[in-house]
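Peer 1: So that we are looking at the same thing, I have put the structure below in structure tokens.
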There are 2 protein chains.
Amino acid sequence: MKSIVVTPRVQGSLKLMDMDIPQVGEKEVLLKVLKVGVCGTDRDIIAGFYGEAPEGSSYLVIGHESLCRIEEVGSGVDTFRKGELVVPTVRRNCPENCESCRNGMSDMCLTGHYKEHGIKQLHGFAREYAISDSGFVVKLPESLSDAGILLEPLTIVEKGISVSYAMQNSRLPWRPERAIVLGAGPVGLLATAVLRLKGLEVDTVATRPEDSLKARLAEQTGASYINAAKNPLATLESRYDLVLEVTGNVSVAVEAQKLARVNGIVSYLGIYKETTATEDAGKIFTDLVLGNRVYFGSVNANKKYFQAGVDDLIRIQQEWSGFLGKMITKRVRPEGLSEAYGPVGPDGIKNIIEF
Amino acid sequence: MKSIVVTPRVQGSLKLMDMDIPQVGEKEVLLKVLKVGVCGTDRDIIAGFYGEAPEGSSYLVIGHESLCRIEEVGSGVDTFRKGELVVPTVRRNCPENCESCRNGMSDMCLTGHYKEHGIKQLHGFAREYAISDSGFVVKLPESLSDAGILLEPLTIVEKGISVSYAMQNSRLPWRPERAIVLGAGPVGLLATAVLRLKGLEVDTVATRPEDSLKARLAEQTGASYINAAKNPLATLESRYDLVLEVTGNVSVAVEAQKLARVNGIVSYLGIYKETTATEDAGKIFTDLVLGNRVYFGSVNANKKYFQAGVDDLIRIQQEWSGFLGKMITKRVRPEGLSEAYGPVGPDGIKNIIEF
């Protein structure tokens with residue numbers, strides 16, 4: 001079967017390879033992969049920044065965003081049937097089975113020894129057939145047989161927003177009215193939609209023009225689009241109850257701190273590669289204290305957030321027809337992998353590979 | 001009666017003044033002030049950095065840390081009797097009575113128009129008799145007739161720790177084992193004691209020698225003392241579930257971010273005056289995200305934390321005899337105000353004024 005692999009830490013090693021269809025274990029499911037999505041993590045792995053092959057393997061099958069059908073179930077699995085539409089989660093428990101992993105929260109793994117399909121020590125889903133532990137797979141209705149490929153990026157949003165609400169509600173009577181989403185790629189647009197579903201006024205910020213696809217999709221949900229190329233973040237007021245930073249740009253991350261109102265919360269969901277200094281740490285820390293503000297980081301997502309994401313994908317489809325489909329701006333076959341893993345282009349949002 | 005006043009924003013205006021004993025209003029109590037404590041906020045007001053007189057007054061009575069007895073109650077007050085030992089809280093509701101203030105949480109005031117005794121638009125407690133709204137006063141047992149002067153600084157700690165636990169418990173099964181307290185002034189030592197009461201292993205950091213009073217008091221509670229002059233913060237591991245930053249030093253605030261372990265929380269309780277740049281914001285934000293970490297600020301405290309503080313003062317007295325008394329390293333009469341508001345000295349911790 002066709003598989004997309006890299007030699008971890010070797011730039012330019014991306015290739016299509018022929019592999020045997022894997023054998024399903026007792027508690028596992030064999031997945032027929034319909035689609036995989038491409039994100040910044042895949043591009044970083046291809047660039048050789050990180051990625052780790054499974055023990056005993058010299059290569060890593062990449063791909064962690066997927067939409068699949070059950071092809072076969074292990075002898076000990078009675079929760080799935082052949083043909084069901086599913087998405088496997090990405091992360092698996094650490095060998096120590098730490099308290100977080102033991103409680104279904106490998107996204108909060110305490111040892112750092114978790115594994116991740118397509119990223120760290122487990123082959124990914126960019127192949128015709130893949131294997132997953134059946135305990136880490138969620139079912140989707142047939143209505144999501146295309147848009148379901150957006151579930152994994154949506155789960156990053158679900159976790160960030162859910163944890164924001166949980167922490168805020170634990171410390172005050174919180175009735176958020178206004179949110180700002182920094183970034184309008186797949187994660188930013190999905191965050192915009194989820195916050196609009198919650199009834200918040202949302203400003204979504206990117207650097208594309210006002211007539212770009214990103215701007216139009218944000219506005220389809222009733223959000224306001226801000227073109228940061230014309231209206232720099234530094235000119236915006238500190239008036240947001242919730243700030244979601246998803247650009248991964250460190251200068252934006254610093255500006256994000258200044259956008260939260262008193263008692264506000266800033267959720268960081270990006271990875272920041274640049275080595276940049278902030279201008280005035282003293283003022284930032286003082287504002288943090290005097291405004292009772294919270295900054296927190298969130299990575300990965302566990303099964304609970306995948307299940308919440310399925311519900312929200314259905315609601316987004318009902319509220320804003322075509323929104324999810326328009327986010328998928330390039331669809332290629334496995335043979336077109338160099339196109340799939342290349343840049344999305346100026347008005348592109350999400351590239352996917354269809355098996 | 002003797003009152004200690006400043007002309008707000010005028011450096012060197014601190015003086016003893018004669019004032020009339022104030023008239024008690026219907027819902028108010030007249031307080032006979034026994035002691036007031038001196039903290040960095042008082043010194044900042046005296047230095048002219050901030051402070052605001054009540055409407056129509058050219059001066060401000062300072063003092064927000066106090067221990068008092070009820071002298072007289074207003075006609076509409078039936079919750080207090082003459083002679084009871086009490087401490088008034090510091091902050092009062094904004095005129096808009098915002099949702100936070102309305103819910104007894106003026107420490108989380110949304111408008112910023114709150115008032116503060118001895119700081120902002122309300123006379124303070126550094127006088128023989130003072131007035132407070134009876135709804136913002138807590139009772140203390142006679143066993144706290146000396147140590148009760150430490151209640152107000154303790155409430156800053158109570159809020160920071162309580163909010164840390166609330167937010168962490170809202171997002172994961174949190175069983176913290178190790179905490180670090182950055183600073184060993186009154187707030188740092190009280191934080192050390194409260195965290196030890198909770199059963200945590202505590203490291204308390206300051207720059208004084210190992211045989212200093214601060215080090216000995218931290219160790220009396222079973223905490224380990226770290227002399228940062230010999231063991232710089234940058235050499236410590238990221239192994240703490242909870243980091244409490246109370247120094248108000250911006251370089252320490254930056255280092256604090258690096259001390260939290262995965263899923264850890266950093267509580268900022270200081271005010272940071274310096275304009276300092278951080279070295280590598282990119283790494284700090286990435287660690288925030290990849291480690292699911294939380295940084296938050298906390299200012300002031302509402303009545304709930306004063307009540308929790310009374311309970312903890314009693315427990316501290318029971319567990320570590322003499323600990324609270326030794327923290328009060330200078331006691332002066334109102335006439336010695338220049339000594340009271342001067343520096344605490346190398347082995348000093350808390351100066352108080354006894355009326």
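By convention here, the chains of the structure tokens are called A, B, ... in the order presented, each chain's residues are numbered starting at 1, and ligands are numbered starting at 1 in the order presented.
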What's around region 108-123 of chain B at 6 Å? Count only C-alpha atoms, leave out sequence neighbours fewer than 3 positions away in its own chain, and write the answer as a list in words.
Peer 2: Gly51, Glu52, Ala53, Pro54, Leu60, Val61, Ile62, Gly63, His64, Val90, Arg91, Arg92, Asn93, Cys94, Ser100, Cys101 and Met105 of chain B
Peer 1: Would you mind exporting N, CA and C atoms of the selected residues as an mmCIF file, in the first residue's frame?
Peer 2:
data_model
loop_
_atom_site.group_PDB
_atom_site.id
_atom_site.type_symbol
_atom_site.label_atom_id
_atom_site.label_comp_id
_atom_site.auth_asym_id
_atom_site.auth_seq_id
_atom_site.Cartn_x
_atom_site.Cartn_y
_atom_site.Cartn_z
ATOM 1 N N GLY B 51 -1.330 57.072 44.818
ATOM 2 C CA GLY B 51 -2.094 57.519 45.982
ATOM 3 C C GLY B 51 -3.053 58.606 45.537
ATOM 4 N N GLU B 52 -4.256 58.604 46.085
ATOM 5 C CA GLU B 52 -5.285 59.560 45.666
ATOM 6 C C GLU B 52 -6.100 59.948 46.906
ATOM 7 N N ALA B 53 -6.264 61.244 47.155
ATOM 8 C CA ALA B 53 -7.004 61.713 48.325
ATOM 9 C C ALA B 53 -8.509 61.521 48.108
ATOM 10 N N PRO B 54 -9.281 61.431 49.203
ATOM 11 C CA PRO B 54 -10.742 61.394 49.051
ATOM 12 C C PRO B 54 -11.229 62.688 48.402
ATOM 13 N N LEU B 60 -4.273 62.538 52.199
ATOM 14 C CA LEU B 60 -4.729 61.147 52.312
ATOM 15 C C LEU B 60 -4.136 60.554 53.579
ATOM 16 N N VAL B 61 -4.996 60.038 54.464
ATOM 17 C CA VAL B 61 -4.489 59.232 55.581
ATOM 18 C C VAL B 61 -4.044 57.904 54.978
ATOM 19 N N ILE B 62 -2.804 57.515 55.222
ATOM 20 C CA ILE B 62 -2.327 56.262 54.620
ATOM 21 C C ILE B 62 -2.615 55.083 55.542
ATOM 22 N N GLY B 63 -2.123 53.899 55.158
ATOM 23 C CA GLY B 63 -2.293 52.698 55.988
ATOM 24 C C GLY B 63 -3.450 51.835 55.530
ATOM 25 N N HIS B 64 -3.135 50.618 55.089
ATOM 26 C CA HIS B 64 -4.220 49.701 54.691
ATOM 27 C C HIS B 64 -4.128 48.362 55.413
ATOM 28 N N VAL B 90 -9.513 46.185 52.479
ATOM 29 C CA VAL B 90 -8.935 47.414 51.936
ATOM 30 C C VAL B 90 -9.811 48.031 50.842
ATOM 31 N N ARG B 91 -10.293 47.199 49.921
ATOM 32 C CA ARG B 91 -10.961 47.735 48.733
ATOM 33 C C ARG B 91 -12.479 47.832 48.927
ATOM 34 N N ARG B 92 -13.076 48.855 48.318
ATOM 35 C CA ARG B 92 -14.525 49.053 48.366
ATOM 36 C C ARG B 92 -15.079 49.128 46.946
ATOM 37 N N ASN B 93 -16.358 48.788 46.803
ATOM 38 C CA ASN B 93 -17.012 48.676 45.491
ATOM 39 C C ASN B 93 -16.923 49.951 44.650
ATOM 40 N N CYS B 94 -16.934 49.761 43.343
ATOM 41 C CA CYS B 94 -16.973 50.895 42.414
ATOM 42 C C CYS B 94 -18.373 51.522 42.433
ATOM 43 N N SER B 100 -18.595 42.099 39.429
ATOM 44 C CA SER B 100 -17.662 41.562 40.430
ATOM 45 C C SER B 100 -17.926 42.189 41.796
ATOM 46 N N CYS B 101 -18.009 43.536 41.849
ATOM 47 C CA CYS B 101 -18.216 44.231 43.127
ATOM 48 C C CYS B 101 -19.535 43.788 43.774
ATOM 49 N N MET B 105 -16.790 40.671 45.190
ATOM 50 C CA MET B 105 -15.452 40.460 44.640
ATOM 51 C C MET B 105 -14.903 41.761 44.076
#
Peer 1: Could the residues of chain B within 7 Å of chain A, counting only C-alpha atoms, be given as a ChimeraX atom specification, please?
Peer 2: /B:108,110,163,166-167,170-171,250,262-263,268-269,271-283,285-286,288-290,292-299
Peer 1: Could you work out how far CA of Leu242 (chain B) lies from CA of Glu177 (chain B), giving the answer in Å with one decimal?
Peer 2: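 The value is 8.6 Å.
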Peer 1: Taking the DSSP secondary structure from the backbone, can you list the residues of region 210-292 of chain B that are strand (DSSP E), as JSON, numbers by chain?
Peer 2: {"B": [224, 225, 226, 227, 240, 241, 242, 243, 244, 245, 260, 261, 262, 263, 264, 265, 266, 267, 268]}
Peer 1: Would you save the residues of that selection, restricted to N, CA and C atoms, as an mmCIF file, in the first residue's frame?
Peer 2:
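Produced file part-v8.cif, reproduced below:
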data_model
loop_
_atom_site.group_PDB
_atom_site.id
_atom_site.type_symbol
_atom_site.label_atom_id
_atom_site.label_comp_id
_atom_site.auth_asym_id
_atom_site.auth_seq_id
_atom_site.Cartn_x
_atom_site.Cartn_y
_atom_site.Cartn_z
ATOM 1 N N SER B 224 12.592 24.346 52.704
ATOM 2 C CA SER B 224 14.031 24.463 52.469
ATOM 3 C C SER B 224 14.306 25.886 52.021
ATOM 4 N N TYR B 225 15.372 26.474 52.546
ATOM 5 C CA TYR B 225 15.724 27.837 52.148
ATOM 6 C C TYR B 225 16.806 27.779 51.075
ATOM 7 N N ILE B 226 16.622 28.551 50.003
ATOM 8 C CA ILE B 226 17.635 28.638 48.940
ATOM 9 C C ILE B 226 18.158 30.068 48.903
ATOM 10 N N ASN B 227 19.460 30.212 49.087
ATOM 11 C CA ASN B 227 20.099 31.524 48.996
ATOM 12 C C ASN B 227 20.453 31.772 47.525
ATOM 13 N N TYR B 240 8.553 22.442 39.619
ATOM 14 C CA TYR B 240 7.584 22.857 40.629
ATOM 15 C C TYR B 240 6.150 22.854 40.085
ATOM 16 N N ASP B 241 5.242 22.282 40.860
ATOM 17 C CA ASP B 241 3.828 22.301 40.486
ATOM 18 C C ASP B 241 3.264 23.716 40.600
ATOM 19 N N LEU B 242 3.763 24.449 41.580
ATOM 20 C CA LEU B 242 3.247 25.788 41.862
ATOM 21 C C LEU B 242 4.429 26.720 42.132
ATOM 22 N N VAL B 243 4.456 27.846 41.435
ATOM 23 C CA VAL B 243 5.494 28.859 41.628
ATOM 24 C C VAL B 243 4.792 30.136 42.086
ATOM 25 N N LEU B 244 5.212 30.683 43.218
ATOM 26 C CA LEU B 244 4.655 31.950 43.703
ATOM 27 C C LEU B 244 5.732 33.015 43.615
ATOM 28 N N GLU B 245 5.493 34.039 42.781
ATOM 29 C CA GLU B 245 6.471 35.120 42.619
ATOM 30 C C GLU B 245 5.974 36.327 43.416
ATOM 31 N N ALA B 260 8.216 26.321 36.513
ATOM 32 C CA ALA B 260 7.029 25.459 36.580
ATOM 33 C C ALA B 260 7.261 24.186 35.777
ATOM 34 N N ARG B 261 6.856 23.059 36.323
ATOM 35 C CA ARG B 261 6.942 21.804 35.572
ATOM 36 C C ARG B 261 5.774 21.738 34.585
ATOM 37 N N VAL B 262 5.745 20.679 33.777
ATOM 38 C CA VAL B 262 4.613 20.412 32.886
ATOM 39 C C VAL B 262 3.310 20.483 33.697
ATOM 40 N N ASN B 263 2.297 21.143 33.131
ATOM 41 C CA ASN B 263 0.989 21.331 33.782
ATOM 42 C C ASN B 263 1.059 22.239 35.013
ATOM 43 N N GLY B 264 2.185 22.890 35.226
ATOM 44 C CA GLY B 264 2.353 23.718 36.411
ATOM 45 C C GLY B 264 1.736 25.100 36.263
ATOM 46 N N ILE B 265 1.706 25.833 37.379
ATOM 47 C CA ILE B 265 1.081 27.166 37.404
ATOM 48 C C ILE B 265 2.010 28.148 38.116
ATOM 49 N N VAL B 266 2.087 29.370 37.590
ATOM 50 C CA VAL B 266 2.891 30.422 38.192
ATOM 51 C C VAL B 266 1.957 31.556 38.599
ATOM 52 N N SER B 267 1.992 31.901 39.873
ATOM 53 C CA SER B 267 1.129 32.956 40.404
ATOM 54 C C SER B 267 1.980 34.193 40.678
ATOM 55 N N TYR B 268 1.649 35.291 40.007
ATOM 56 C CA TYR B 268 2.383 36.555 40.178
ATOM 57 C C TYR B 268 1.625 37.444 41.152
#
Peer 1: Neighbours of Leu85 (chain B) within 7 Å (only C-alpha atoms; same-chain residues fewer than 6 positions away dropped), as a PDB file with all heavy atoms, in the first residue's frame?
Peer 2:
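Saved the output as out-v2.pdb:
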ATOM      1  N   CYS B  68      -7.647  46.258  64.596  1.00  0.00           N
ATOM      2  CA  CYS B  68      -8.479  47.261  65.281  1.00  0.00           C
ATOM      3  C   CYS B  68      -9.414  46.600  66.294  1.00  0.00           C
ATOM      4  O   CYS B  68      -9.561  45.383  66.315  1.00  0.00           O
ATOM      5  CB  CYS B  68      -9.352  47.990  64.250  1.00  0.00           C
ATOM      6  SG  CYS B  68      -8.480  48.651  62.823  1.00  0.00           S
ATOM      7  N   ARG B  69     -10.028  47.444  67.104  1.00  0.00           N
ATOM      8  CA  ARG B  69     -11.164  47.003  67.924  1.00  0.00           C
ATOM      9  C   ARG B  69     -12.363  47.880  67.574  1.00  0.00           C
ATOM     10  O   ARG B  69     -12.208  49.063  67.271  1.00  0.00           O
ATOM     11  CB  ARG B  69     -10.871  47.148  69.423  1.00  0.00           C
ATOM     12  CG  ARG B  69      -9.934  46.086  69.927  1.00  0.00           C
ATOM     13  CD  ARG B  69      -9.905  46.013  71.452  1.00  0.00           C
ATOM     14  NE  ARG B  69      -8.833  45.110  71.856  1.00  0.00           N
ATOM     15  CZ  ARG B  69      -8.929  43.771  71.861  1.00  0.00           C
ATOM     16  NH1 ARG B  69     -10.067  43.179  71.505  1.00  0.00           N
ATOM     17  NH2 ARG B  69      -7.909  43.025  72.228  1.00  0.00           N
ATOM     18  N   ILE B  70     -13.533  47.248  67.634  1.00  0.00           N
ATOM     19  CA  ILE B  70     -14.754  48.015  67.393  1.00  0.00           C
ATOM     20  C   ILE B  70     -14.920  49.023  68.548  1.00  0.00           C
ATOM     21  O   ILE B  70     -14.885  48.642  69.725  1.00  0.00           O
ATOM     22  CB  ILE B  70     -16.001  47.094  67.344  1.00  0.00           C
ATOM     23  CG1 ILE B  70     -15.899  46.089  66.192  1.00  0.00           C
ATOM     24  CG2 ILE B  70     -17.294  47.921  67.250  1.00  0.00           C
ATOM     25  CD1 ILE B  70     -16.084  46.631  64.804  1.00  0.00           C
ATOM     26  N   LYS B 139     -14.025  39.489  61.920  1.00  0.00           N
ATOM     27  CA  LYS B 139     -13.678  39.337  63.339  1.00  0.00           C
ATOM     28  C   LYS B 139     -12.507  38.386  63.517  1.00  0.00           C
ATOM     29  O   LYS B 139     -12.369  37.424  62.767  1.00  0.00           O
ATOM     30  CB  LYS B 139     -14.874  38.753  64.104  1.00  0.00           C
ATOM     31  CG  LYS B 139     -16.052  39.679  64.208  1.00  0.00           C
ATOM     32  CD  LYS B 139     -17.163  39.048  65.033  1.00  0.00           C
ATOM     33  CE  LYS B 139     -18.457  39.806  64.762  1.00  0.00           C
ATOM     34  NZ  LYS B 139     -19.616  39.264  65.491  1.00  0.00           N
ATOM     35  N   LEU B 140     -11.709  38.667  64.542  1.00  0.00           N
ATOM     36  CA  LEU B 140     -10.576  37.791  64.874  1.00  0.00           C
ATOM     37  C   LEU B 140     -10.698  37.353  66.323  1.00  0.00           C
ATOM     38  O   LEU B 140     -11.179  38.120  67.170  1.00  0.00           O
ATOM     39  CB  LEU B 140      -9.236  38.540  64.703  1.00  0.00           C
ATOM     40  CG  LEU B 140      -8.672  38.690  63.290  1.00  0.00           C
ATOM     41  CD1 LEU B 140      -9.490  39.657  62.461  1.00  0.00           C
ATOM     42  CD2 LEU B 140      -7.211  39.136  63.358  1.00  0.00           C
ATOM     43  N   PRO B 141     -10.228  36.137  66.649  1.00  0.00           N
ATOM     44  CA  PRO B 141     -10.217  35.710  68.053  1.00  0.00           C
ATOM     45  C   PRO B 141      -9.138  36.480  68.814  1.00  0.00           C
ATOM     46  O   PRO B 141      -8.173  36.966  68.224  1.00  0.00           O
ATOM     47  CB  PRO B 141      -9.874  34.219  67.958  1.00  0.00           C
ATOM     48  CG  PRO B 141      -9.100  34.092  66.692  1.00  0.00           C
ATOM     49  CD  PRO B 141      -9.674  35.119  65.751  1.00  0.00           C
ATOM     50  N   GLU B 142      -9.282  36.552  70.141  1.00  0.00           N
ATOM     51  CA  GLU B 142      -8.320  37.296  70.967  1.00  0.00           C
ATOM     52  C   GLU B 142      -6.904  36.740  70.852  1.00  0.00           C
ATOM     53  O   GLU B 142      -5.937  37.459  71.075  1.00  0.00           O
ATOM     54  CB  GLU B 142      -8.758  37.301  72.435  1.00  0.00           C
ATOM     55  CG  GLU B 142      -9.924  38.251  72.713  1.00  0.00           C
ATOM     56  CD  GLU B 142      -9.594  39.710  72.378  1.00  0.00           C
ATOM     57  OE1 GLU B 142      -8.467  40.157  72.644  1.00  0.00           O
ATOM     58  OE2 GLU B 142     -10.483  40.389  71.821  1.00  0.00           O
TER      59      GLU B 142
END
Peer 1: Which residues come within 10 Å of Val344 (chain A), counting only C-alpha atoms, excluding same-chain residues fewer than 5 positions away, as a PyMOL selection string?
Peer 2: chain A and resi 38-39+185+329-330+339+349-351
Peer 1: Quick one: write out the picked residues with all heavy atoms as a PDB file, in the first residue's frame?
Peer 2:
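Contents of the output file again.pdb:
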ATOM      1  N   VAL A  38      -2.875  18.358   6.078  1.00  0.00           N
ATOM      2  CA  VAL A  38      -1.479  18.796   6.205  1.00  0.00           C
ATOM      3  C   VAL A  38      -1.456  20.042   7.092  1.00  0.00           C
ATOM      4  O   VAL A  38      -2.256  20.964   6.893  1.00  0.00           O
ATOM      5  CB  VAL A  38      -0.894  19.131   4.818  1.00  0.00           C
ATOM      6  CG1 VAL A  38       0.501  19.730   4.949  1.00  0.00           C
ATOM      7  CG2 VAL A  38      -0.870  17.880   3.945  1.00  0.00           C
ATOM      8  N   CYS A  39      -0.549  20.054   8.063  1.00  0.00           N
ATOM      9  CA  CYS A  39      -0.445  21.251   8.913  1.00  0.00           C
ATOM     10  C   CYS A  39       1.009  21.615   9.135  1.00  0.00           C
ATOM     11  O   CYS A  39       1.917  20.968   8.614  1.00  0.00           O
ATOM     12  CB  CYS A  39      -1.192  21.056  10.235  1.00  0.00           C
ATOM     13  SG  CYS A  39      -0.246  20.183  11.482  1.00  0.00           S
ATOM     14  N   GLY A 185      -5.893  30.960   9.828  1.00  0.00           N
ATOM     15  CA  GLY A 185      -5.686  29.685   9.149  1.00  0.00           C
ATOM     16  C   GLY A 185      -6.777  28.725   9.612  1.00  0.00           C
ATOM     17  O   GLY A 185      -7.780  29.162  10.189  1.00  0.00           O
ATOM     18  N   THR A 329      -8.824  23.998   0.583  1.00  0.00           N
ATOM     19  CA  THR A 329      -8.533  24.746  -0.648  1.00  0.00           C
ATOM     20  C   THR A 329      -7.650  23.974  -1.628  1.00  0.00           C
ATOM     21  O   THR A 329      -7.388  24.444  -2.727  1.00  0.00           O
ATOM     22  CB  THR A 329      -7.873  26.101  -0.305  1.00  0.00           C
ATOM     23  OG1 THR A 329      -6.868  25.887   0.677  1.00  0.00           O
ATOM     24  CG2 THR A 329      -8.903  27.065   0.251  1.00  0.00           C
ATOM     25  N   LYS A 330      -7.160  22.812  -1.208  1.00  0.00           N
ATOM     26  CA  LYS A 330      -6.391  21.992  -2.163  1.00  0.00           C
ATOM     27  C   LYS A 330      -6.568  20.518  -1.792  1.00  0.00           C
ATOM     28  O   LYS A 330      -6.404  20.137  -0.632  1.00  0.00           O
ATOM     29  CB  LYS A 330      -4.899  22.367  -2.114  1.00  0.00           C
ATOM     30  CG  LYS A 330      -4.092  21.783  -3.257  1.00  0.00           C
ATOM     31  CD  LYS A 330      -2.624  22.199  -3.161  1.00  0.00           C
ATOM     32  CE  LYS A 330      -2.364  23.608  -3.671  1.00  0.00           C
ATOM     33  NZ  LYS A 330      -0.942  23.988  -3.525  1.00  0.00           N
ATOM     34  N   GLU A 339       3.125  18.700  -3.840  1.00  0.00           N
ATOM     35  CA  GLU A 339       2.173  19.814  -3.887  1.00  0.00           C
ATOM     36  C   GLU A 339       1.405  19.916  -2.552  1.00  0.00           C
ATOM     37  O   GLU A 339       1.191  20.998  -2.006  1.00  0.00           O
ATOM     38  CB  GLU A 339       1.199  19.604  -5.051  1.00  0.00           C
ATOM     39  CG  GLU A 339       0.412  20.859  -5.393  1.00  0.00           C
ATOM     40  CD  GLU A 339      -0.665  20.607  -6.455  1.00  0.00           C
ATOM     41  OE1 GLU A 339      -0.738  19.480  -6.986  1.00  0.00           O
ATOM     42  OE2 GLU A 339      -1.428  21.548  -6.723  1.00  0.00           O
ATOM     43  N   ILE A 349      -6.020  27.697   2.493  1.00  0.00           N
ATOM     44  CA  ILE A 349      -6.248  27.508   3.927  1.00  0.00           C
ATOM     45  C   ILE A 349      -5.785  26.116   4.357  1.00  0.00           C
ATOM     46  O   ILE A 349      -4.904  25.982   5.192  1.00  0.00           O
ATOM     47  CB  ILE A 349      -7.728  27.779   4.288  1.00  0.00           C
ATOM     48  CG1 ILE A 349      -8.046  29.263   4.019  1.00  0.00           C
ATOM     49  CG2 ILE A 349      -7.994  27.447   5.755  1.00  0.00           C
ATOM     50  CD1 ILE A 349      -9.497  29.641   4.149  1.00  0.00           C
ATOM     51  N   LYS A 350      -6.354  25.069   3.781  1.00  0.00           N
ATOM     52  CA  LYS A 350      -5.986  23.715   4.204  1.00  0.00           C
ATOM     53  C   LYS A 350      -5.786  22.813   2.991  1.00  0.00           C
ATOM     54  O   LYS A 350      -6.666  22.714   2.133  1.00  0.00           O
ATOM     55  CB  LYS A 350      -7.111  23.153   5.090  1.00  0.00           C
ATOM     56  CG  LYS A 350      -6.981  21.701   5.515  1.00  0.00           C
ATOM     57  CD  LYS A 350      -5.757  21.391   6.341  1.00  0.00           C
ATOM     58  CE  LYS A 350      -5.926  21.650   7.821  1.00  0.00           C
ATOM     59  NZ  LYS A 350      -4.664  21.383   8.560  1.00  0.00           N
ATOM     60  N   ASN A 351      -4.610  22.186   2.920  1.00  0.00           N
ATOM     61  CA  ASN A 351      -4.338  21.161   1.908  1.00  0.00           C
ATOM     62  C   ASN A 351      -4.676  19.796   2.491  1.00  0.00           C
ATOM     63  O   ASN A 351      -4.315  19.521   3.647  1.00  0.00           O
ATOM     64  CB  ASN A 351      -2.848  21.133   1.538  1.00  0.00           C
ATOM     65  CG  ASN A 351      -2.388  22.397   0.835  1.00  0.00           C
ATOM     66  OD1 ASN A 351      -3.181  23.272   0.511  1.00  0.00           O
ATOM     67  ND2 ASN A 351      -1.079  22.487   0.592  1.00  0.00           N
TER      68      ASN A 351
END
Peer 1: Considering only C-alpha atoms, state which residue in the set A:Gln11, A:Pro186, A:Ser106, A:Phe136 is at the smallest distance from Gly325 (chain A).
Peer 2: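 Ranking A:Gln11, A:Pro186, A:Ser106, A:Phe136 by distance to Gly325 (chain A), first place goes to A:Pro186.
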Peer 1: Can you tell me, as a list of chain:residue names, what residues are no more than 7 Å from Val87 (chain A) when counting only C-alpha atoms, ignoring any on the same chain fewer than 2 positions away?
Peer 2: A:Ser66, A:Leu67, A:Cys68, A:Thr89, A:Val137, A:Val138, A:Lys139
Peer 1: Quick one: pick out all alpha helix (DSSP H) residues within region 51-229 of chain B from a backbone DSSP run and write them as a ChimeraX atom specification.
Peer 2: /B:99-102,151-171,186-197,213-220
Peer 1: Could you please determine the separation between CA of Phe306 (chain B) and CA of Pro88 (chain B) in Å, to one decimal place?
Peer 2: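 Rounded to one decimal, the two atoms are 8.9 Å apart.
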Peer 1: How many Å lie between CA of Val10 (chain A) and CA of Ile156 (chain A), rounded to one decimal?
Peer 2: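 A separation of 27.5 Å between them.
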Peer 1: Compare B:Glu96, B:Glu65, B:Glu26, B:Asp146 by their minimum atom-to-atom distance to Leu313 (chain B), counting only C-alpha atoms, and give me the closest one.
Peer 2: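 Ranking B:Glu96, B:Glu65, B:Glu26, B:Asp146 by distance to Leu313 (chain B), first place goes to B:Asp146.
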Peer 1: Give me the residues within 10 Å of region 195-210 of chain B as a VMD selection string, counting only C-alpha atoms and dropping any in the same chain fewer than 6 places off.
Peer 2: chain B and resid 157 to 158 161 175 to 185 188 to 189 216 218 to 219 221 to 233 240 to 245 247 312 315 to 316 319 346 to 347
